[in-house]
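This is model_21.cif. It holds mmCIF, C-alpha atoms.
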```cif
data_my_file
#
loop_
_atom_site.label_atom_id
_atom_site.label_comp_id
_atom_site.auth_asym_id
_atom_site.auth_seq_id
_atom_site.Cartn_x
_atom_site.Cartn_y
_atom_site.Cartn_z
CA MET A 1 49.73 2.45 -8.02
CA ALA A 2 48.19 3.02 -11.46
CA THR A 3 49.91 1.39 -14.43
CA LYS A 4 50.38 2.95 -17.83
CA HIS A 5 47.63 0.68 -19.13
CA SER A 6 45.14 1.64 -16.44
CA LYS A 7 45.80 5.34 -16.99
CA ALA A 8 45.32 5.00 -20.75
CA ALA A 9 42.21 2.88 -20.22
CA LYS A 10 40.77 5.56 -17.96
CA GLN A 11 41.30 8.10 -20.71
CA PHE A 12 39.63 5.81 -23.26
CA LEU A 13 36.61 5.28 -21.00
CA ARG A 14 35.95 8.99 -20.64
CA ASN A 15 34.14 8.84 -23.95
CA VAL A 16 31.38 6.54 -22.74
CA GLN A 17 29.61 6.31 -26.09
CA ARG A 18 32.79 5.32 -27.96
CA ALA A 19 33.76 2.81 -25.27
CA GLU A 20 30.35 1.12 -25.45
CA TRP A 21 30.47 1.09 -29.25
CA HIS A 22 33.96 -0.48 -29.20
CA ASP A 23 32.87 -3.11 -26.69
CA ASN A 24 29.71 -4.00 -28.60
CA THR A 25 31.45 -4.09 -31.99
CA LEU A 26 34.15 -6.50 -30.85
CA TRP A 27 31.66 -8.65 -28.97
CA GLY A 28 29.60 -8.84 -32.14
CA VAL A 29 32.60 -10.39 -33.90
CA ARG A 30 32.96 -12.86 -31.03
CA VAL A 31 29.29 -13.83 -31.42
CA LYS A 32 29.85 -14.45 -35.15
CA ARG A 33 32.80 -16.64 -34.28
CA ASP A 34 30.68 -18.71 -31.90
CA ARG A 35 27.87 -19.06 -34.42
CA MET A 36 30.29 -20.19 -37.14
CA SER A 37 32.13 -22.65 -34.88
CA ARG A 38 28.85 -24.38 -34.03
CA THR A 39 28.35 -25.23 -37.69
CA LEU A 40 31.31 -27.64 -37.48
CA PRO A 41 30.74 -30.65 -35.22
CA GLU A 42 34.48 -31.31 -35.38
CA TRP A 43 35.42 -27.79 -34.21
CA GLU A 44 37.14 -28.86 -30.99
CA GLN A 45 38.95 -31.63 -32.84
CA LEU A 46 40.29 -29.06 -35.29
CA ARG A 47 41.56 -26.93 -32.41
CA GLU A 48 43.30 -29.95 -30.90
CA MET A 49 44.86 -30.78 -34.25
CA ALA A 50 46.03 -27.19 -34.78
CA SER A 51 47.63 -27.15 -31.36
CA ALA A 52 49.36 -30.49 -31.99
CA ILE A 53 50.61 -29.42 -35.43
CA LYS A 54 52.08 -26.23 -34.01
CA LYS A 55 53.71 -28.08 -31.14
CA HIS A 56 55.23 -30.61 -33.52
CA THR A 57 56.45 -28.00 -35.99
CA LEU A 58 57.97 -25.78 -33.32
CA SER A 59 59.68 -28.81 -31.79
CA HIS A 60 61.30 -29.52 -35.17
CA LEU A 61 61.50 -25.96 -36.45
CA ASP A 62 65.09 -26.18 -37.66
CA THR A 63 64.20 -29.11 -39.92
CA TYR A 64 61.11 -27.48 -41.36
CA LEU A 65 62.85 -24.16 -41.92
CA GLU A 66 65.60 -25.87 -43.92
CA GLN A 67 62.99 -27.79 -45.91
CA PHE A 68 61.01 -24.63 -46.62
CA SER A 69 64.11 -22.70 -47.65
CA SER A 70 65.40 -25.47 -49.95
CA ASN A 71 62.05 -25.88 -51.70
CA ALA A 72 61.56 -22.13 -52.08
CA GLN A 73 64.99 -21.76 -53.67
CA ARG A 74 64.23 -24.71 -55.94
CA ASN A 75 61.14 -22.76 -57.05
CA GLY A 76 63.31 -19.81 -58.07
CA VAL A 77 62.71 -17.72 -54.95
CA MET A 78 65.59 -15.90 -53.25
CA VAL A 79 65.54 -16.68 -49.50
CA HIS A 80 67.07 -14.40 -46.86
CA TRP A 81 67.50 -14.87 -43.11
CA ALA A 82 67.17 -12.00 -40.63
CA ALA A 83 68.24 -12.40 -37.02
CA ASP A 84 66.53 -9.23 -35.83
CA ALA A 85 64.58 -6.16 -36.91
CA GLU A 86 67.68 -4.21 -37.86
CA GLU A 87 68.90 -6.95 -40.19
CA PHE A 88 65.42 -7.40 -41.65
CA ASN A 89 65.05 -3.70 -42.47
CA GLY A 90 68.53 -3.65 -43.95
CA ILE A 91 67.78 -6.61 -46.24
CA VAL A 92 64.57 -4.98 -47.50
CA LEU A 93 66.36 -1.70 -48.17
CA GLU A 94 69.21 -3.47 -49.96
CA ILE A 95 66.79 -5.32 -52.24
CA LEU A 96 64.90 -2.12 -53.03
CA LYS A 97 68.07 -0.11 -53.67
CA SER A 98 69.46 -2.77 -56.01
CA HIS A 99 66.37 -2.26 -58.18
CA ASN A 100 66.25 1.53 -57.79
CA ILE A 101 62.84 1.30 -56.14
CA ARG A 102 61.22 4.55 -55.04
CA LYS A 103 57.67 3.38 -54.23
CA LEU A 104 56.64 0.23 -52.38
CA VAL A 105 53.04 -0.97 -52.01
CA LYS A 106 52.49 -3.10 -48.94
CA SER A 107 49.86 -5.53 -47.73
CA LYS A 108 49.16 -7.92 -44.89
CA SER A 109 52.10 -7.70 -42.51
CA MET A 110 52.18 -7.10 -38.76
CA LEU A 111 55.80 -8.25 -38.84
CA THR A 112 56.80 -5.00 -40.54
CA GLU A 113 55.02 -3.11 -37.73
CA GLU A 114 57.04 -5.17 -35.25
CA CYS A 115 60.27 -4.24 -37.02
CA GLU A 116 59.18 -0.61 -37.64
CA MET A 117 60.02 -1.03 -41.30
CA ASN A 118 57.90 1.82 -42.68
CA PRO A 119 59.68 4.71 -40.91
CA TYR A 120 63.04 3.07 -41.64
CA LEU A 121 62.39 2.90 -45.38
CA GLU A 122 60.84 6.36 -45.49
CA ALA A 123 63.94 7.76 -43.81
CA HIS A 124 65.90 6.31 -46.74
CA GLY A 125 63.71 7.92 -49.36
CA ILE A 126 61.31 5.04 -50.07
CA ASN A 127 57.62 5.90 -50.37
CA VAL A 128 55.69 3.13 -48.55
CA VAL A 129 51.97 2.88 -49.30
CA GLU A 130 49.69 0.68 -47.18
CA THR A 131 47.02 -0.90 -49.38
CA ASP A 132 44.76 -2.79 -46.95
CA LEU A 133 41.85 -0.47 -46.17
CA GLY A 134 42.27 -0.44 -42.39
CA GLU A 135 46.04 -0.02 -42.62
CA ARG A 136 45.65 2.74 -45.20
CA ILE A 137 43.25 4.61 -42.93
CA ILE A 138 45.59 4.58 -39.96
CA GLN A 139 48.58 5.41 -42.17
CA LEU A 140 46.77 8.54 -43.36
CA MET A 141 46.01 9.35 -39.70
CA ASP A 142 49.62 8.65 -38.69
CA GLN A 143 48.49 6.06 -36.13
CA LYS A 144 49.37 2.48 -35.24
CA PRO A 145 46.99 -0.50 -35.58
CA SER A 146 44.65 -0.94 -32.61
CA HIS A 147 43.83 -4.55 -33.59
CA ILE A 148 45.84 -7.10 -35.56
CA VAL A 149 43.01 -8.04 -37.94
CA MET A 150 40.88 -4.88 -37.87
CA PRO A 151 43.51 -2.18 -37.39
CA ALA A 152 41.08 0.76 -37.60
CA ILE A 153 38.31 -0.78 -35.51
CA HIS A 154 38.58 2.07 -33.00
CA LEU A 155 37.42 4.62 -35.59
CA THR A 156 33.84 5.43 -36.54
CA GLN A 157 32.76 5.73 -40.16
CA GLU A 158 32.17 9.45 -39.59
CA GLU A 159 35.82 9.88 -38.58
CA VAL A 160 36.94 7.98 -41.67
CA GLY A 161 34.68 10.15 -43.80
CA GLU A 162 36.29 13.31 -42.42
CA LEU A 163 39.74 11.82 -43.01
CA PHE A 164 39.00 10.92 -46.64
CA GLU A 165 37.48 14.34 -47.22
CA LYS A 166 40.75 15.89 -46.08
CA GLU A 167 43.25 13.45 -47.62
CA LEU A 168 41.45 12.01 -50.67
CA GLY A 169 39.02 14.78 -51.60
CA SER A 170 35.87 12.75 -51.01
CA GLU A 171 32.40 14.30 -50.78
CA LYS A 172 31.87 16.52 -47.76
CA GLY A 173 29.79 14.83 -45.06
CA ASN A 174 29.52 11.51 -46.89
CA SER A 175 30.48 8.69 -44.51
CA ASP A 176 28.68 5.84 -46.25
CA PRO A 177 30.98 2.77 -45.93
CA THR A 178 30.41 1.67 -49.54
CA TYR A 179 31.29 5.13 -50.81
CA LEU A 180 34.37 5.39 -48.60
CA THR A 181 35.58 1.99 -49.79
CA TYR A 182 35.12 3.15 -53.38
CA CYS A 183 37.18 6.29 -52.64
CA ALA A 184 39.97 4.20 -51.13
CA ARG A 185 40.06 1.83 -54.10
CA LYS A 186 40.10 4.71 -56.56
CA SER A 187 42.99 6.32 -54.70
CA LEU A 188 44.94 3.07 -54.43
CA ARG A 189 44.51 2.10 -58.07
CA ASN A 190 47.10 4.65 -59.14
CA GLU A 191 49.44 3.56 -56.33
CA PHE A 192 49.36 -0.03 -57.58
CA LEU A 193 49.98 1.00 -61.18
CA THR A 194 52.93 3.25 -60.33
CA ALA A 195 54.58 1.10 -57.66
CA ASP A 196 57.99 -0.41 -58.33
CA ALA A 197 57.70 -3.25 -55.82
CA GLY A 198 55.21 -5.00 -53.56
CA LEU A 199 55.75 -6.34 -50.06
CA THR A 200 53.47 -8.75 -48.24
CA GLY A 201 53.48 -10.77 -45.10
CA ALA A 202 52.18 -14.33 -45.00
CA ASN A 203 49.77 -16.30 -42.87
CA PHE A 204 51.57 -19.58 -43.50
CA GLY A 205 54.73 -20.95 -45.07
CA ILE A 206 54.42 -24.52 -46.39
CA ALA A 207 57.64 -26.46 -45.80
CA ASP A 208 56.70 -29.27 -48.16
CA THR A 209 56.34 -26.96 -51.18
CA GLY A 210 58.32 -23.83 -50.29
CA GLU A 211 55.34 -21.54 -50.88
CA ILE A 212 53.59 -18.90 -48.79
CA VAL A 213 49.85 -18.53 -48.28
CA ILE A 214 48.12 -15.19 -47.72
CA CYS A 215 44.48 -14.91 -46.57
CA THR A 216 42.72 -11.59 -47.19
CA ASN A 217 39.27 -10.14 -47.74
CA GLU A 218 40.23 -7.27 -50.04
CA GLY A 219 42.64 -8.84 -52.51
CA ASN A 220 45.23 -6.12 -52.05
CA ALA A 221 47.97 -8.65 -51.46
CA ASP A 222 47.24 -10.00 -54.95
CA MET A 223 47.39 -6.49 -56.41
CA SER A 224 50.65 -5.79 -54.58
CA THR A 225 52.23 -8.86 -56.14
CA SER A 226 50.66 -9.01 -59.59
CA VAL A 227 51.33 -5.46 -60.79
CA PRO A 228 54.94 -4.79 -59.66
CA LYS A 229 57.48 -7.32 -60.90
CA LEU A 230 59.35 -7.41 -57.59
CA HIS A 231 57.66 -9.23 -54.68
CA ILE A 232 59.18 -9.30 -51.18
CA ALA A 233 57.52 -11.53 -48.58
CA ALA A 234 58.29 -11.10 -44.87
CA ILE A 235 57.50 -14.06 -42.64
CA GLY A 236 58.25 -14.87 -39.01
CA ILE A 237 59.89 -18.25 -38.60
CA GLU A 238 57.00 -19.49 -36.44
CA LYS A 239 54.61 -19.25 -39.43
CA ILE A 240 56.08 -22.38 -41.05
CA ILE A 241 53.81 -25.44 -41.12
CA PRO A 242 54.60 -28.89 -42.59
CA ASP A 243 52.25 -29.44 -45.53
CA TYR A 244 48.89 -28.97 -47.24
CA LYS A 245 47.13 -31.27 -44.78
CA SER A 246 48.22 -28.96 -41.99
CA LEU A 247 47.12 -25.94 -44.00
CA ALA A 248 43.64 -27.44 -44.37
CA VAL A 249 43.26 -27.53 -40.58
CA PHE A 250 44.37 -23.93 -40.06
CA HIS A 251 42.39 -22.65 -43.02
CA ARG A 252 39.15 -23.97 -41.52
CA LEU A 253 39.95 -22.27 -38.21
CA LEU A 254 41.46 -18.94 -39.22
CA ALA A 255 38.61 -16.91 -40.74
CA ARG A 256 35.97 -18.48 -38.51
CA SER A 257 37.96 -17.42 -35.45
CA ALA A 258 38.97 -14.01 -36.77
CA THR A 259 35.82 -12.56 -38.33
CA GLY A 260 33.17 -15.27 -38.18
CA GLN A 261 33.47 -16.11 -41.88
CA PRO A 262 33.72 -19.66 -43.28
CA THR A 263 36.79 -18.49 -45.22
CA THR A 264 38.46 -15.31 -46.35
CA THR A 265 37.44 -13.89 -49.73
CA PHE A 266 40.93 -14.51 -51.12
CA THR A 267 43.36 -17.29 -50.24
CA SER A 268 46.44 -16.71 -52.38
CA HIS A 269 49.36 -19.10 -52.85
CA PHE A 270 52.75 -17.77 -53.99
CA ARG A 271 55.27 -20.43 -54.94
CA GLN A 272 57.52 -18.79 -57.53
CA PRO A 273 58.25 -15.42 -59.14
CA ARG A 274 55.88 -14.14 -61.80
CA PRO A 275 57.26 -14.40 -65.37
CA GLY A 276 59.99 -11.83 -65.81
CA GLY A 277 59.88 -10.91 -62.11
CA GLU A 278 61.64 -11.62 -58.84
CA MET A 279 60.41 -13.02 -55.55
CA HIS A 280 62.25 -12.73 -52.25
CA ILE A 281 61.27 -14.36 -48.94
CA ILE A 282 62.79 -13.03 -45.73
CA LEU A 283 62.60 -15.41 -42.77
CA VAL A 284 62.72 -13.33 -39.59
CA ASP A 285 63.70 -14.46 -36.09
CA ASN A 286 63.70 -11.24 -34.02
CA GLY A 287 63.51 -12.97 -30.65
CA ARG A 288 61.47 -16.00 -31.67
CA SER A 289 64.31 -18.46 -31.03
CA SER A 290 64.68 -17.15 -27.48
CA MET A 291 60.93 -17.49 -26.99
CA LEU A 292 61.07 -21.05 -28.28
CA ALA A 293 63.76 -21.87 -25.73
CA ASP A 294 61.55 -20.66 -22.86
CA ASN A 295 59.99 -23.72 -21.21
CA VAL A 296 57.05 -21.69 -19.89
CA HIS A 297 56.26 -19.25 -22.67
CA TRP A 298 57.12 -21.08 -25.90
CA GLU A 299 53.42 -21.74 -26.57
CA THR A 300 52.98 -18.08 -27.51
CA LEU A 301 54.54 -19.04 -30.86
CA LYS A 302 51.52 -21.24 -31.63
CA CYS A 303 49.47 -18.09 -32.28
CA ILE A 304 48.13 -17.74 -35.86
CA ARG A 305 47.24 -14.03 -35.42
CA CYS A 306 43.46 -14.37 -35.80
CA GLY A 307 42.67 -11.78 -33.12
CA ALA A 308 39.94 -13.91 -31.50
CA CYS A 309 41.48 -13.40 -28.06
CA MET A 310 41.07 -9.62 -28.46
CA ASN A 311 37.47 -9.89 -29.60
CA THR A 312 36.50 -11.80 -26.48
CA CYS A 313 38.76 -10.11 -23.91
CA PRO A 314 36.66 -7.96 -21.51
CA VAL A 315 39.68 -5.77 -20.77
CA TYR A 316 40.68 -5.09 -24.38
CA ARG A 317 37.09 -4.46 -25.45
CA ARG A 318 36.64 -1.86 -22.72
CA SER A 319 40.04 -0.21 -22.83
CA GLY A 320 40.95 -0.09 -26.54
CA GLY A 321 44.11 -1.12 -28.35
CA TYR A 322 46.05 2.05 -27.56
CA SER A 323 45.92 1.47 -23.83
CA TYR A 324 48.61 -1.22 -24.23
CA THR A 325 52.26 -0.20 -24.44
CA TYR A 326 53.21 -3.01 -26.83
CA PHE A 327 52.19 -2.54 -30.46
CA ILE A 328 50.06 -5.70 -30.37
CA PRO A 329 47.28 -5.34 -27.77
CA GLY A 330 45.04 -7.85 -26.03
CA PRO A 331 45.99 -11.16 -24.39
CA ILE A 332 48.41 -12.25 -27.12
CA GLY A 333 50.01 -8.79 -27.09
CA VAL A 334 50.56 -8.96 -23.33
CA ASN A 335 52.48 -12.21 -23.74
CA LEU A 336 54.42 -11.15 -26.84
CA GLY A 337 55.39 -7.85 -25.24
CA MET A 338 56.67 -9.56 -22.09
CA ALA A 339 58.65 -12.03 -24.17
CA ARG A 340 60.12 -9.10 -26.10
CA ASP A 341 61.12 -6.98 -23.08
CA ALA A 342 59.57 -7.86 -19.73
CA LYS A 343 60.73 -4.70 -17.96
CA GLN A 344 59.55 -2.34 -20.68
CA PHE A 345 56.12 -3.91 -21.16
CA SER A 346 55.35 -5.16 -17.64
CA ASP A 347 52.50 -2.67 -17.20
CA ASN A 348 50.39 -4.72 -19.61
CA VAL A 349 50.16 -7.81 -17.38
CA SER A 350 47.61 -5.97 -15.22
CA ALA A 351 45.30 -5.83 -18.26
CA CYS A 352 43.85 -9.28 -17.61
CA SER A 353 41.00 -10.53 -15.43
CA LEU A 354 42.21 -14.15 -15.74
CA CYS A 355 38.74 -15.09 -16.98
CA CYS A 356 40.36 -17.52 -19.47
CA SER A 357 37.95 -16.51 -22.25
CA CYS A 358 40.93 -16.00 -24.56
CA GLU A 359 42.04 -19.59 -24.11
CA ASN A 360 38.51 -20.83 -24.75
CA VAL A 361 38.38 -19.23 -28.20
CA CYS A 362 42.00 -19.54 -29.37
CA PRO A 363 42.04 -21.82 -32.45
CA ALA A 364 45.53 -23.11 -31.60
CA LYS A 365 44.70 -23.48 -27.89
CA VAL A 366 47.45 -21.14 -26.70
CA ASN A 367 47.33 -21.00 -22.88
CA LEU A 368 47.25 -17.20 -22.88
CA SER A 369 45.87 -16.43 -19.41
CA GLU A 370 48.03 -19.14 -17.85
CA GLN A 371 51.08 -17.45 -19.34
CA ILE A 372 49.97 -14.01 -18.17
CA TYR A 373 49.60 -15.42 -14.67
CA ALA A 374 53.14 -16.84 -14.92
CA TRP A 375 54.46 -13.45 -16.06
CA ARG A 376 52.82 -11.84 -13.03
CA GLN A 377 54.64 -14.25 -10.74
CA SER A 378 57.95 -13.14 -12.25
CA LEU A 379 57.44 -9.40 -11.72
CA LYS A 380 59.36 -9.38 -8.42
CA ASP A 381 62.37 -10.98 -10.10
CA ILE A 382 62.61 -8.14 -12.61
CA GLY A 383 61.89 -5.38 -10.11
CA ARG A 384 58.42 -4.57 -11.42
CA ALA A 385 56.20 -5.91 -8.63
CA SER A 386 53.76 -3.50 -6.95
CA SER A 387 54.86 -2.72 -3.38
CA VAL A 388 51.23 -2.17 -2.39
CA LYS A 389 50.18 -5.60 -3.68
CA GLU A 390 53.20 -7.20 -2.01
CA ALA A 391 52.20 -5.64 1.33
CA MET A 392 48.60 -6.81 0.88
CA SER A 393 49.74 -10.35 0.07
CA LEU A 394 52.02 -10.41 3.10
CA GLY A 395 49.18 -9.23 5.30
CA MET A 396 46.83 -11.90 3.99
CA LYS A 397 49.48 -14.58 4.50
CA THR A 398 50.01 -13.43 8.07
CA VAL A 399 46.29 -13.72 8.81
CA PHE A 400 45.72 -17.05 7.03
CA ASP A 401 48.76 -18.69 8.66
CA ARG A 402 47.44 -17.93 12.19
CA PRO A 403 44.06 -19.52 13.05
CA ALA A 404 43.51 -17.38 16.15
CA LEU A 405 44.16 -14.19 14.23
CA TYR A 406 41.97 -15.41 11.38
CA ASN A 407 39.05 -16.18 13.73
CA THR A 408 39.39 -12.78 15.38
CA ALA A 409 39.38 -11.10 11.96
CA LEU A 410 36.18 -12.98 11.07
CA LYS A 411 34.43 -11.75 14.20
CA CYS A 412 35.49 -8.17 13.56
CA SER A 413 34.84 -8.16 9.82
CA PRO A 414 31.30 -6.66 10.06
CA LEU A 415 32.89 -3.50 11.45
CA ILE A 416 34.53 -2.96 8.04
CA ASN A 417 31.14 -2.31 6.46
CA ALA A 418 30.55 0.76 8.58
CA ALA A 419 34.19 1.89 8.57
CA VAL A 420 34.60 1.81 4.81
CA SER A 421 31.25 3.45 4.20
CA GLY A 422 31.67 6.14 6.82
CA MET A 423 35.24 7.08 5.90
CA GLY A 424 34.77 6.88 2.13
CA LEU A 425 37.82 4.65 1.76
CA LEU A 426 36.66 3.09 -1.50
CA SER A 427 36.77 6.42 -3.30
CA VAL A 428 40.44 7.06 -2.54
CA GLN A 429 41.93 3.85 -3.94
CA LEU A 430 41.89 2.39 -7.44
CA TRP A 431 40.02 -0.84 -6.76
CA GLY A 432 37.14 0.99 -5.12
CA LYS A 433 36.47 3.35 -8.00
CA GLY A 434 33.44 2.02 -9.81
CA ARG A 435 32.91 -0.80 -7.29
CA ASP A 436 30.85 -1.45 -4.19
CA LEU A 437 32.44 -3.39 -1.36
CA PRO A 438 30.57 -6.67 -0.72
CA GLU A 439 28.91 -6.57 2.69
CA PHE A 440 30.51 -8.82 5.28
CA ALA A 441 28.04 -11.19 6.95
CA LYS A 442 27.29 -10.53 10.60
CA GLU A 443 27.86 -14.18 11.31
CA SER A 444 30.49 -16.24 9.46
CA PHE A 445 29.87 -19.71 8.05
CA GLN A 446 32.43 -21.08 10.53
CA THR A 447 30.50 -19.66 13.48
CA MET A 448 27.20 -20.91 12.09
CA TRP A 449 28.72 -24.39 11.69
CA LYS A 450 29.95 -24.47 15.26
CA LYS A 451 26.53 -23.43 16.53
CA GLY A 452 24.89 -26.20 14.50
CA LYS A 453 22.97 -23.79 12.30
CA VAL A 454 24.42 -25.45 9.17
CA LYS A 455 24.07 -29.17 8.60
#
```

Written as C-alpha cells, that's how I'd like the structure from this file.
Amino acid sequence: MATKHSKAAKQFLRNVQRAEWHDNTLWGVRVKRDRMSRTLPEWEQLREMASAIKKHTLSHLDTYLEQFSSNAQRNGVMVHWAADAEEFNGIVLEILKSHNIRKLVKSKSMLTEECEMNPYLEAHGINVVETDLGERIIQLMDQKPSHIVMPAIHLTQEEVGELFEKELGSEKGNSDPTYLTYCARKSLRNEFLTADAGLTGANFGIADTGEIVICTNEGNADMSTSVPKLHIAAIGIEKIIPDYKSLAVFHRLLARSATGQPTTTFTSHFRQPRPGGEMHIILVDNGRSSMLADNVHWETLKCIRCGACMNTCPVYRRSGGYSYTYFIPGPIGVNLGMARDAKQFSDNVSACSLCCSCENVCPAKVNLSEQIYAWRQSLKDIGRASSVKEAMSLGMKTVFDRPALYNTALKCSPLINAAVSGMGLLSVQLWGKGRDLPEFAKESFQTMWKKGKVK
C-alpha cells in the first residue's frame, strides 16, 4: 500500500529534470561538506566531543536552563517559559500588543514554523515579514520551507525571477542571482526601517553567560535586532549548551556540515538589550521534555539543525522536501515528526533506505537511521503497520523456521524467474516499478556445497 510520502515522491519525480537538478544540487553540498571536513585532522574528535557535550547537557538540562535564565535576567533580558506552541504564540502576541507593534521583521527561526507563529500573528493583525532570502522567497510564494537551512532549494532561479517580477517589480526575464539578491535587499531595506520589532531564533544559548548566538550568511538577524528597539528571541530548550568552550566545538562543525563553509559570514552574540531597547528570550518546550524522557529517542535532541542529513539522504534528494508530511523533512524530520505525533506522521518512516549515510555525516552523531528503524518496529503498536508487509514477514518466518520447506523453496526458486517475467507481476506492485528482479541461480550455494563443488 502506497504511503503519503511515496505518492508525493512519485509526483515530484514526474519532472525528471527538476528531480535530477535537486539531487545533484544537494549532493554538491554534501561534497563540499566532505572536502571541508578533510581539512581538519581532528574532525572525528570534534564530532565525538559534540555528541558528548550534548549528552551531558541534556542529562543536566534543568540545571543549565536555570543557569541560562538567571544569567540572562542578570543581563537585563526578560525571560519567558512556554510549555507548548499555543503558550509560545500567546507570549509573543502579548509582548507585541504591549508595545503596540504592527510590523514584525523575522529572521532565523524554524521554531516559529514548528509553532505556526506567522499565521497566528497575522490573524491578530500583525504584519510578519521574513527577512532571510530563502524564507522571504517562500513567504511570497505562500509555501513552507523544503529544507531547514536552504528553505527555497527546490526552486530554480528562473522561478524566483518570475516571482520577483510579479511581487517586487523586478526586470522582466532577469533571473541573474546577483540581481535577484539586490532586488530582495532593496525591498527589505524599507521593511527593516519601518518595523516596530524584530524576532530571531538562535543556534545556541550559552548557560554560562546567558547569551544567545546566531549564525547566518546574510546578516538579516543583525538587521532585525539593530534597527527595531524590541528584540524577541525564540529558542528551543535543547539549544542550551554549557559555555564558550562548548560553543567553539559546535561552531567548527556547524557551517562545515551545513554548507561546506569554514564558518558562517556572521556569528552574532546577543547578551543584553540595545541601549534604550528591550530584549525578550522565550524558552520553548513544546514536547521536548517528553522526547528527553524517551529512553530510545532522546538522542534526537542532540541535533544542531545543520541539515547535513538531508543533503546526503538518497531519499530526500530524490523526493523533495514536500513529500514529507512533517514540516521538517529528511532523516531528522522523520524522527522529529514521529516524536511529535507517531500516528499522524507514521507515513514518513518509509522514507529511509537505512543506508546510515545520515549518521555518518551528523556533526553531533545522532543515531538517525537507528531511531527510524526503532520507529518502524513500533508501527504495529500504534496501528500503523502495513498488513501486506506483515503477511510477507510471516511468510518468510514460516519458511525460515522449517528447513525442509526452506530446501524445497530453494529447489523451486528458479521457476520464479519465468513466472514473474511471463505474468508481468513486477509491474503490478510498488516494489517492482522501476526495478528488475534479481535472477535466482539454477543451483543454490547449499546444493553446490553438498555436491562438493565449493571448497

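Across the structure, atom CA of A:Gln157 and atom CA of A:Pro331 are spaced 26.6 Å apart.
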
- [ ] Please write the residues picked by the PyMOL selection byres ((chain A and resi 47-50) around 10) on this file as a ChimeraX atom specification.
- [x] /A:42-46,51-56,246-250,252-253,302,304,361-365

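Selection by the PyMOL selection byres ((chain A and resi 85) around 8) on the present file picks out Ala82, Ala83, Asp84, Glu86, Glu87, Phe88, Asn89, Glu114, Cys115, Glu116, Val284 and Asn286 of chain A.
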
Open item on the list: I need the output of the PyMOL selection byres ((chain A and resi 210) around 12) for this file as a PyMOL selection string; which residues are they?
Closed with: chain A and resi 64-79+204-209+211-213+240-244+269-272+280-281

Open item on the list: Just want the 12 Å neighbourhood of A:Gly276, counted on only C-alpha atoms, with same-chain residues fewer than 2 positions away dropped. Output as a VMD selection string.
Closed with: chain A and resid 76 226 to 231 272 to 274 278 to 279

TODO: Find the distance between atom CA of A:Leu394 and atom CA of A:Ser378 and write it in Å to one decimal.
DONE: 16.7 Å

TODO: One decimal, Å: what's the distance from atom CA of A:Thr325 over to atom CA of A:Cys352, could you say?
DONE: 14.1 Å

- [ ] Name all residues at most 10 Å from A:Lys411 (count only C-alpha atoms; drop same-chain ones fewer than 5 positions away) and give them as a ChimeraX atom specification.
- [x] /A:406,441-444,447

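Minimum atom-to-atom distances from A:Asn203, A:Asn220, A:Asp294, A:Thr3 to A:His251 were compared using all atoms listed in the file, and the lowest value belongs to A:Asn203.
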
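Nearest-residue note for A:Ser346: choosing from A:Ala234, A:Met110, A:Leu379, A:Ala202, the minimum distance belongs to A:Leu379, counting only C-alpha atoms.
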
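Using only C-alpha atoms, the nearest neighbour of A:Asn348 within the list A:Ser175, A:Thr39, A:Ser6, A:Ser187 is A:Ser6.
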
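Shortest separation to A:Met117 among A:Leu26, A:Val160, A:Leu40, A:Leu104 occurs at residue A:Leu104, atoms counted being only C-alpha atoms.
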
Against stretch 152-156 of chain A, which residues of stretch 46-139 of chain A fall within 7 Å? For each one I want the closest pair of atoms and the distance in Å (one decimal), counting only C-alpha atoms, rows by chain and increasing residue number, as a Markdown table.
```
| residue | atom | partner | partner_atom | distance |
| --- | --- | --- | --- | --- |
| A:Gly134 | CA | A:Ala152 | CA | 5.1 |
| A:Ile137 | CA | A:Ala152 | CA | 6.9 |
| A:Ile138 | CA | A:Ala152 | CA | 6.4 |
```

Task: Option closest in space to A:His297, from A:Glu167, A:Glu191, A:Glu370, A:Asp132 [counting all atoms listed in the file] - done: A:Glu370

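Checking A:Gln139, A:Thr264, A:Ser369, A:Ser319 one by one against A:Ser357, counting all atoms listed in the file, you find the shortest gap at A:Ser369.
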
Distance cut-off 9 Å, centre (53.4, -18.1, -31.7) in file coordinates, counting only C-alpha atoms: which residues qualify? Return them as a PDB file with C-alpha atoms, keeping the file's coordinate frame.
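After the write, point_35.pdb holds the following:
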```
ATOM      1  CA  LYS A  54      52.080 -26.230 -34.010  1.00  0.00           C
ATOM      2  CA  GLU A 238      57.000 -19.490 -36.440  1.00  0.00           C
ATOM      3  CA  LYS A 239      54.610 -19.250 -39.430  1.00  0.00           C
ATOM      4  CA  ARG A 288      61.470 -16.000 -31.670  1.00  0.00           C
ATOM      5  CA  MET A 291      60.930 -17.490 -26.990  1.00  0.00           C
ATOM      6  CA  LEU A 292      61.070 -21.050 -28.280  1.00  0.00           C
ATOM      7  CA  TRP A 298      57.120 -21.080 -25.900  1.00  0.00           C
ATOM      8  CA  GLU A 299      53.420 -21.740 -26.570  1.00  0.00           C
ATOM      9  CA  THR A 300      52.980 -18.080 -27.510  1.00  0.00           C
ATOM     10  CA  LEU A 301      54.540 -19.040 -30.860  1.00  0.00           C
ATOM     11  CA  LYS A 302      51.520 -21.240 -31.630  1.00  0.00           C
ATOM     12  CA  CYS A 303      49.470 -18.090 -32.280  1.00  0.00           C
ATOM     13  CA  ILE A 304      48.130 -17.740 -35.860  1.00  0.00           C
ATOM     14  CA  ARG A 305      47.240 -14.030 -35.420  1.00  0.00           C
ATOM     15  CA  ILE A 332      48.410 -12.250 -27.120  1.00  0.00           C
ATOM     16  CA  LEU A 336      54.420 -11.150 -26.840  1.00  0.00           C
ATOM     17  CA  VAL A 366      47.450 -21.140 -26.700  1.00  0.00           C
TER      18      VAL A 366
END
```

Open item on the list: List the spatial neighbours of A:Lys108 as a count of residues only - criterion: any atom at most 7 Å away, only C-alpha atoms, same-chain residues fewer than 3 positions off excluded.
Closed with: 3

- [ ] Please identify all polymer residues within 12 Å of A:Lys166, counting all atoms listed in the file, omitting same-chain residues fewer than 5 positions from it, and present them as an NGL selection string.
- [x] :A and (137 or 140-141 or 159-161 or 171-173)

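Residues in contact with stretch 307-312 of chain A at 6 Å, where all atoms listed in the file are counted and same-chain residues fewer than 4 positions away are skipped, are listed as Leu26, Trp27, Arg30, Ser257, Ala258, Gly330 and Cys358 of chain A.
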